[in-house]
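Text of data.csv (CSV, C-alpha atoms and all ligand atoms) as supplied:
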chain,number,residue,atom,x,y,z
A,385,MET,CA,10.3,-12.9,16.5
A,386,ARG,CA,7.9,-10.7,18.5
A,387,GLN,CA,4.9,-12.3,20.1
A,388,LEU,CA,1.7,-11.6,18.3
A,389,GLU,CA,-0.6,-10.4,21.0
A,390,ASP,CA,-3.6,-8.3,20.3
A,391,THR,CA,-4.8,-6.9,23.6
A,392,TYR,CA,-8.0,-5.0,24.5
A,393,LYS,CA,-5.8,-1.9,24.7
A,394,HIS,CA,-4.6,-2.5,21.1
A,395,LYS,CA,-8.2,-3.1,19.9
A,396,GLY,CA,-9.4,0.1,21.7
A,397,LEU,CA,-6.7,2.2,20.1
A,398,ARG,CA,-7.5,0.7,16.7
A,399,LYS,CA,-11.1,1.6,17.1
A,400,GLN,CA,-10.1,5.2,17.9
A,401,LEU,CA,-7.8,5.2,14.8
A,402,VAL,CA,-10.7,4.1,12.6
A,403,GLN,CA,-12.9,6.9,14.1
A,404,GLU,CA,-10.1,9.4,13.4
A,405,ILE,CA,-9.7,8.4,9.7
A,406,SER,CA,-13.4,8.3,9.3
A,407,ARG,CA,-13.6,11.9,10.7
A,408,LYS,CA,-10.9,12.8,8.1
A,409,GLY,CA,-13.3,11.8,5.3
A,410,ILE,CA,-12.9,8.0,4.6
A,411,LYS,CA,-16.4,6.7,4.0
A,412,ASP,CA,-15.9,3.2,2.5
A,413,LYS,CA,-17.1,0.8,5.2
A,414,ALA,CA,-15.2,-2.2,3.9
A,415,VAL,CA,-11.9,-0.2,4.0
A,416,LEU,CA,-12.7,1.0,7.6
A,417,ASN,CA,-13.5,-2.6,8.6
A,418,ALA,CA,-10.2,-3.8,7.2
A,419,ILE,CA,-8.3,-1.2,9.2
A,420,HIS,CA,-10.3,-2.1,12.3
A,421,LYS,CA,-9.5,-5.8,11.8
A,422,ILE,CA,-5.7,-5.8,11.1
A,423,PRO,CA,-3.5,-5.4,14.1
A,424,ARG,CA,-1.1,-2.6,12.8
A,425,HIS,CA,1.2,-3.0,15.8
A,426,PHE,CA,2.2,-6.4,14.5
A,427,PHE,CA,4.1,-4.6,11.7
A,428,PHE,CA,6.1,-2.6,14.3
A,429,ASP,CA,9.0,-3.6,16.6
A,430,LYS,CA,7.5,-4.2,20.1
A,431,ILE,CA,9.2,-1.1,21.5
A,432,PHE,CA,7.3,1.1,19.1
A,433,ASP,CA,3.9,-0.4,19.9
A,434,ALA,CA,2.6,2.9,21.1
A,435,HIS,CA,3.1,4.5,17.7
A,436,ALA,CA,1.2,1.9,15.7
A,437,TYR,CA,-2.2,3.5,16.3
A,438,GLU,CA,-1.2,7.1,15.6
A,439,ASP,CA,-2.3,8.3,12.2
A,440,LYS,CA,1.3,8.6,11.0
A,441,ALA,CA,3.7,7.0,8.7
A,442,PHE,CA,6.5,5.2,10.6
A,443,PRO,CA,10.1,4.1,9.6
A,444,ILE,CA,10.6,0.4,8.8
A,445,ASP,CA,13.8,-1.2,7.6
A,446,ALA,CA,15.9,-0.1,4.6
A,447,GLY,CA,15.1,3.6,5.0
A,448,GLN,CA,11.4,3.0,4.0
A,449,THR,CA,8.1,3.6,5.8
A,450,ILE,CA,4.8,2.0,6.6
A,451,SER,CA,2.3,4.4,5.2
A,452,GLN,CA,0.0,6.6,7.3
A,453,PRO,CA,-3.3,4.7,8.0
A,454,TYR,CA,-5.3,7.6,6.4
A,455,THR,CA,-3.2,7.3,3.3
A,456,VAL,CA,-3.7,3.6,3.1
A,457,ALA,CA,-7.4,4.1,3.5
A,458,PHE,CA,-7.5,7.0,1.0
A,459,GLN,CA,-5.7,4.9,-1.7
A,460,SER,CA,-7.8,1.8,-1.0
A,461,GLU,CA,-11.0,3.8,-1.2
A,462,LEU,CA,-10.0,5.3,-4.6
A,463,LEU,CA,-9.2,1.8,-5.9
A,464,GLN,CA,-12.9,0.6,-5.3
A,465,VAL,CA,-11.8,-3.0,-4.8
A,466,LYS,CA,-14.5,-5.6,-5.4
A,467,PRO,CA,-14.1,-9.2,-4.1
A,468,GLU,CA,-12.0,-11.3,-6.5
A,469,ASP,CA,-10.5,-8.3,-8.2
A,470,LYS,CA,-6.9,-8.8,-9.3
A,471,ILE,CA,-4.8,-6.0,-7.8
A,472,LEU,CA,-1.1,-5.1,-8.2
A,473,GLU,CA,0.6,-3.2,-5.5
A,474,ILE,CA,3.9,-1.6,-6.2
A,475,GLY,CA,5.9,-1.1,-3.0
A,476,THR,CA,5.1,-4.0,-0.5
A,477,GLY,CA,7.1,-2.3,2.3
A,478,SER,CA,5.8,-3.7,5.6
A,479,GLY,CA,3.0,-5.6,3.8
A,480,TYR,CA,0.3,-3.8,5.7
A,481,GLN,CA,-1.4,-2.3,2.6
A,482,ALA,CA,-1.4,-5.7,1.0
A,483,CYS,CA,-3.2,-7.1,4.0
A,484,VAL,CA,-5.9,-4.4,3.7
A,485,LEU,CA,-6.4,-5.3,0.0
A,486,LEU,CA,-6.7,-9.0,0.9
A,487,GLU,CA,-9.3,-8.1,3.6
A,488,LEU,CA,-11.2,-6.3,0.8
A,489,GLY,CA,-11.4,-9.7,-1.0
A,490,ALA,CA,-8.8,-8.9,-3.7
A,491,LYS,CA,-6.3,-11.3,-5.2
A,492,VAL,CA,-3.1,-9.4,-4.5
A,493,TYR,CA,0.2,-9.3,-6.4
A,494,THR,CA,2.7,-7.1,-4.6
A,495,ILE,CA,6.3,-6.2,-5.6
A,496,GLU,CA,9.0,-4.7,-3.4
A,497,TYR,CA,12.3,-3.2,-4.6
A,498,GLN,CA,14.3,-3.7,-1.4
A,499,LYS,CA,15.4,-7.3,-0.9
A,500,LYS,CA,15.4,-7.0,2.9
A,501,LEU,CA,11.8,-5.8,3.1
A,502,TYR,CA,10.7,-8.5,0.6
A,503,GLN,CA,12.4,-11.2,2.7
A,504,LYS,CA,10.8,-9.9,5.9
A,505,ALA,CA,7.3,-9.7,4.3
A,506,ILE,CA,7.4,-13.1,2.7
A,507,ARG,CA,8.3,-14.7,6.1
A,508,PHE,CA,5.9,-12.6,8.2
A,509,LEU,CA,2.6,-12.2,6.3
A,510,PRO,CA,1.8,-15.9,6.2
A,511,LYS,CA,2.2,-16.0,10.0
A,512,LEU,CA,-0.7,-13.6,10.1
A,513,GLY,CA,-2.7,-15.7,7.7
A,514,TYR,CA,-2.2,-13.4,4.7
A,515,GLN,CA,-1.0,-14.8,1.4
A,516,PRO,CA,-0.5,-12.2,-1.3
A,517,HIS,CA,1.7,-13.2,-4.3
A,518,MET,CA,5.0,-11.5,-3.4
A,519,TYR,CA,7.9,-10.6,-5.7
A,520,GLN,CA,11.1,-8.7,-5.4
A,521,GLY,CA,12.4,-6.3,-8.0
A,522,ASP,CA,11.6,-3.1,-9.9
A,523,GLY,CA,7.8,-2.7,-10.1
A,524,SER,CA,7.9,0.7,-11.7
A,525,LYS,CA,6.9,-0.9,-15.0
A,526,GLY,CA,4.4,-3.2,-13.4
A,527,ILE,CA,4.4,-7.0,-13.8
A,528,THR,CA,3.3,-7.8,-17.3
A,529,ARG,CA,3.1,-11.6,-16.8
A,530,PHE,CA,0.0,-11.4,-14.5
A,531,ALA,CA,-1.7,-8.5,-16.4
A,532,PRO,CA,-4.3,-7.3,-16.9
A,533,TYR,CA,-5.3,-6.0,-13.5
A,534,ASP,CA,-8.6,-4.6,-12.1
A,535,GLY,CA,-6.5,-2.1,-10.1
A,536,ILE,CA,-2.9,-1.0,-9.6
A,537,ILE,CA,-1.8,0.9,-6.5
A,538,VAL,CA,1.6,2.5,-6.3
A,539,THR,CA,2.7,3.2,-2.7
A,540,ALA,CA,5.8,5.3,-3.5
A,541,GLY,CA,6.1,8.8,-5.1
A,542,ALA,CA,6.5,8.7,-8.9
A,543,PRO,CA,8.0,11.4,-11.0
A,544,THR,CA,5.5,10.7,-13.8
A,545,ILE,CA,2.8,8.1,-14.6
A,546,PRO,CA,4.4,5.1,-16.2
A,547,GLU,CA,2.6,4.2,-19.5
A,548,GLU,CA,3.2,0.5,-18.8
A,549,LEU,CA,0.9,0.6,-15.8
A,550,ILE,CA,-2.0,2.0,-17.8
A,551,LYS,CA,-1.4,-0.7,-20.4
A,552,GLN,CA,-1.6,-3.4,-17.7
A,553,LEU,CA,-5.0,-2.2,-16.6
A,554,LYS,CA,-8.3,-3.9,-17.7
A,555,ILE,CA,-10.8,-1.7,-19.4
A,556,GLY,CA,-12.7,-0.2,-16.4
A,557,GLY,CA,-9.6,-0.7,-14.3
A,558,ARG,CA,-8.1,1.9,-11.9
A,559,LEU,CA,-4.6,3.1,-11.2
A,560,VAL,CA,-3.9,5.0,-8.0
A,561,ILE,CA,-0.5,6.7,-7.9
A,562,PRO,CA,1.1,9.6,-6.1
A,563,VAL,CA,2.9,11.8,-8.6
A,564,GLY,CA,5.1,14.8,-7.9
A,565,ASN,CA,8.6,15.6,-6.7
A,566,ASN,CA,10.7,14.0,-4.0
A,567,ASP,CA,9.0,15.9,-1.2
A,568,ILE,CA,5.3,16.1,-2.1
A,569,GLN,CA,3.0,14.4,-4.6
A,570,SER,CA,-0.6,14.7,-5.5
A,571,MET,CA,-2.7,11.5,-5.6
A,572,VAL,CA,-3.8,10.7,-9.1
A,573,LEU,CA,-6.5,8.3,-10.1
A,574,ILE,CA,-6.5,7.0,-13.7
A,575,GLU,CA,-9.6,5.2,-14.9
A,576,LYS,CA,-9.1,3.2,-18.2
A,577,VAL,CA,-12.3,3.9,-20.1
A,578,SER,CA,-11.3,2.1,-23.3
A,579,GLU,CA,-8.1,0.8,-24.9
A,580,ASN,CA,-7.0,4.3,-25.9
A,581,LYS,CA,-8.9,6.5,-23.5
A,582,ILE,CA,-8.3,7.3,-19.8
A,583,LYS,CA,-10.0,9.6,-17.3
A,584,LYS,CA,-7.6,11.4,-14.9
A,585,LYS,CA,-8.5,12.9,-11.5
A,586,GLN,CA,-6.2,14.6,-9.1
A,587,PHE,CA,-6.6,14.7,-5.3
A,588,ASP,CA,-4.9,16.0,-2.2
A,589,ASN,CA,-1.1,16.2,-1.6
A,590,PHE,CA,0.8,13.4,0.2
A,591,SER,CA,4.4,12.7,1.0
A,592,PHE,CA,5.7,9.3,0.0
A,593,VAL,CA,9.2,7.8,-0.2
A,594,PRO,CA,10.4,7.9,-3.8
A,595,LEU,CA,9.6,5.3,-6.4
A,596,ARG,CA,12.8,3.8,-7.7
A,597,GLY,CA,13.7,1.8,-10.8
A,598,GLU,CA,13.4,2.4,-14.5
A,599,ARG,CA,10.3,4.7,-14.3
A,600,GLY,CA,11.2,6.1,-10.9
A,601,TRP,CA,13.8,8.4,-9.4
A,602,PRO,CA,17.6,7.7,-9.5
A,603,THR,CA,18.8,5.7,-6.5
A,604,ASN,CA,21.6,7.9,-4.9
A,605,GLY,CA,23.6,4.8,-4.5
A,606,GLU,CA,21.0,3.2,-2.1
A,607,ILE,CA,21.4,-0.6,-1.6
A,608,LYS,CA,18.7,-2.8,-2.9
B,701,LIG,N1,2.7,-0.3,1.1
B,701,LIG,C1,3.7,-0.2,2.1
B,701,LIG,C2,3.1,-0.7,3.5
B,701,LIG,O1,2.0,-1.0,3.6
B,701,LIG,O2,4.0,-0.7,4.4
B,701,LIG,C3,4.3,1.1,2.2
B,701,LIG,C4,5.3,1.3,1.3
B,701,LIG,S1,6.6,2.5,1.4
B,701,LIG,C5,5.7,4.0,1.6
B,701,LIG,C6,7.0,2.4,-0.3
B,701,LIG,C7,7.7,1.2,-0.7
B,701,LIG,O3,7.9,1.2,-2.1
B,701,LIG,C8,9.1,1.0,-0.1
B,701,LIG,O4,9.2,-0.2,0.6
B,701,LIG,C9,10.0,1.0,-1.3
B,701,LIG,O5,11.2,0.2,-1.2
B,701,LIG,C10,9.1,0.5,-2.4
B,701,LIG,N2,9.5,0.8,-3.8
B,701,LIG,C11,10.1,1.9,-4.2
B,701,LIG,N3,10.4,1.8,-5.5
B,701,LIG,C12,9.9,0.6,-5.9
B,701,LIG,C13,9.9,-0.1,-7.2
B,701,LIG,N4,10.4,0.5,-8.3
B,701,LIG,N5,9.3,-1.3,-7.2
B,701,LIG,C14,8.8,-1.9,-6.1
B,701,LIG,N6,8.8,-1.3,-4.9
B,701,LIG,C15,9.4,0.0,-4.8
Take the structure in the file and write it out as structure tokens.
Amino acid sequence: MRQLEDTYKHKGLRKQLVQEISRKGIKDKAVLNAIHKIPRHFFFDKIFDAHAYEDKAFPIDAGQTISQPYTVAFQSELLQVKPEDKILEIGTGSGYQACVLLELGAKVYTIEYQKKLYQKAIRFLPKLGYQPHMYQGDGSKGITRFAPYDGIIVTAGAPTIPEELIKQLKIGGRLVIPVGNNDIQSMVLIEKVSENKIKKKQFDNFSFVPLRGERGWPTNGEIK
């Protein structure tokens, strides 16, 4: 296991990263503070340290990615997390976004499709002092047994908005989900106004790895 060392150089680079995403339009102070606090390089192999504070997505295991910091901040800002909110994240990946949600004070449930990534995250995050509830499997239909949620964040590109996710939101809850094709998706925010009414807003384009599973894209024979 890599040594977890957070040097002045890392801290300095992290500060610059926060300034960069703030210049790009992120305003939520709690979100910026969370990104400032969490050593993103801990989620990278040591040899790739230098890339951890670039505002870019980066490959992790199993053909997946740790999302771009700006994207993490953008989705977190749209969620409007309040302390003690119950948040479901679909697509644990490296676990970085889950840590940001924990720093915002949320109770975090997170599910990952790829067994290898799930196993890595469940061993690694507690070493950093982060304890989200972690699950492995297809999260494209949410996790009914812990519903309803104050917020649901999907960190993989979906072909359509799964109805099940809207059902699992509390009234007043928010779903943040990238929707589009395999190359490009627009960020969609759904606010559940009442049991039968939603408000939908569409934001900028992003590029995520595909959401798999029953409400996602076919797998092309990828291994879980
Ligand atoms: N949130 C992650 C982070 O902070 O590193 C980034 C996640 S990566 C862009 C998207 C993740 O979604 C991948 O790890 C992928 O395996 C996962 N995924 C795709 N389809 C899924 C599904 N149906 N259920 C759960 N996870 C899924």
(request) Using all atoms listed in the file, find all polymer residues with an atom at most 12 Å away from the point (-1.1, -5.7, 9.9); report them as number ranges by chain. (result) A: 388, 390, 398, 418-428, 436-437, 450-451, 453, 456, 477-487, 505, 508-514
Quick one: 8 Å padding each side, axis-aligned, all listed atoms of range 462-472 of chain A - centre and edge lengths in Å to one decimal, as AutoDock Vina command-line options?
--center_x -7.8 --center_y -3.0 --center_z -6.7 --size_x 29.4 --size_y 32.6 --size_z 21.2
(request) To one decimal in Å, tell me the separation between CA of Lys551 in chain A and CA of Ile568 in chain A. (result) 25.7 Å
(message) Residues contacting ligand LIG 701 (chain B) - anything with an atom at most 7 Å away, using all atoms listed in the file - can you give me those as number ranges by chain?
(response) A: 448-451, 474-482, 495-498, 501, 521-524, 539-540, 592-597, 600
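With CA of Glu575 in chain A on one side and CA of Arg407 in chain A on the other, the separation reads 26.8 Å.
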(request) Please indicate the distance in Å from CA of Glu468 in chain A to CA of Gly535 in chain A, rounded to one decimal place. (result)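 These two atoms are separated by 11.3 Å.
Considering only C-alpha atoms, the residue among A:Ile431, A:Trp601, A:Arg507, A:Glu438 positioned nearest to Lys399 in chain A is A:Glu438.
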(request) Kindly indicate which residue among A:Ala414, A:Tyr454, A:Pro602, A:Asn589 lies nearest to Ala441 in chain A, using all atoms listed in the file for the distances. (result) A:Tyr454
(request) Rank nothing, just name the residue among A:Phe530, A:Phe432, A:Tyr519, A:Tyr392 nearest to Lys500 in chain A, using all atoms listed in the file. (result) A:Tyr519
(message) Applying 7 Å and only C-alpha atoms, which residues near Pro516 in chain A remain after dropping the ones on its own chain fewer than 5 positions away? List them as a VMD selection string.
(response) chain A and resid 482 492 to 494
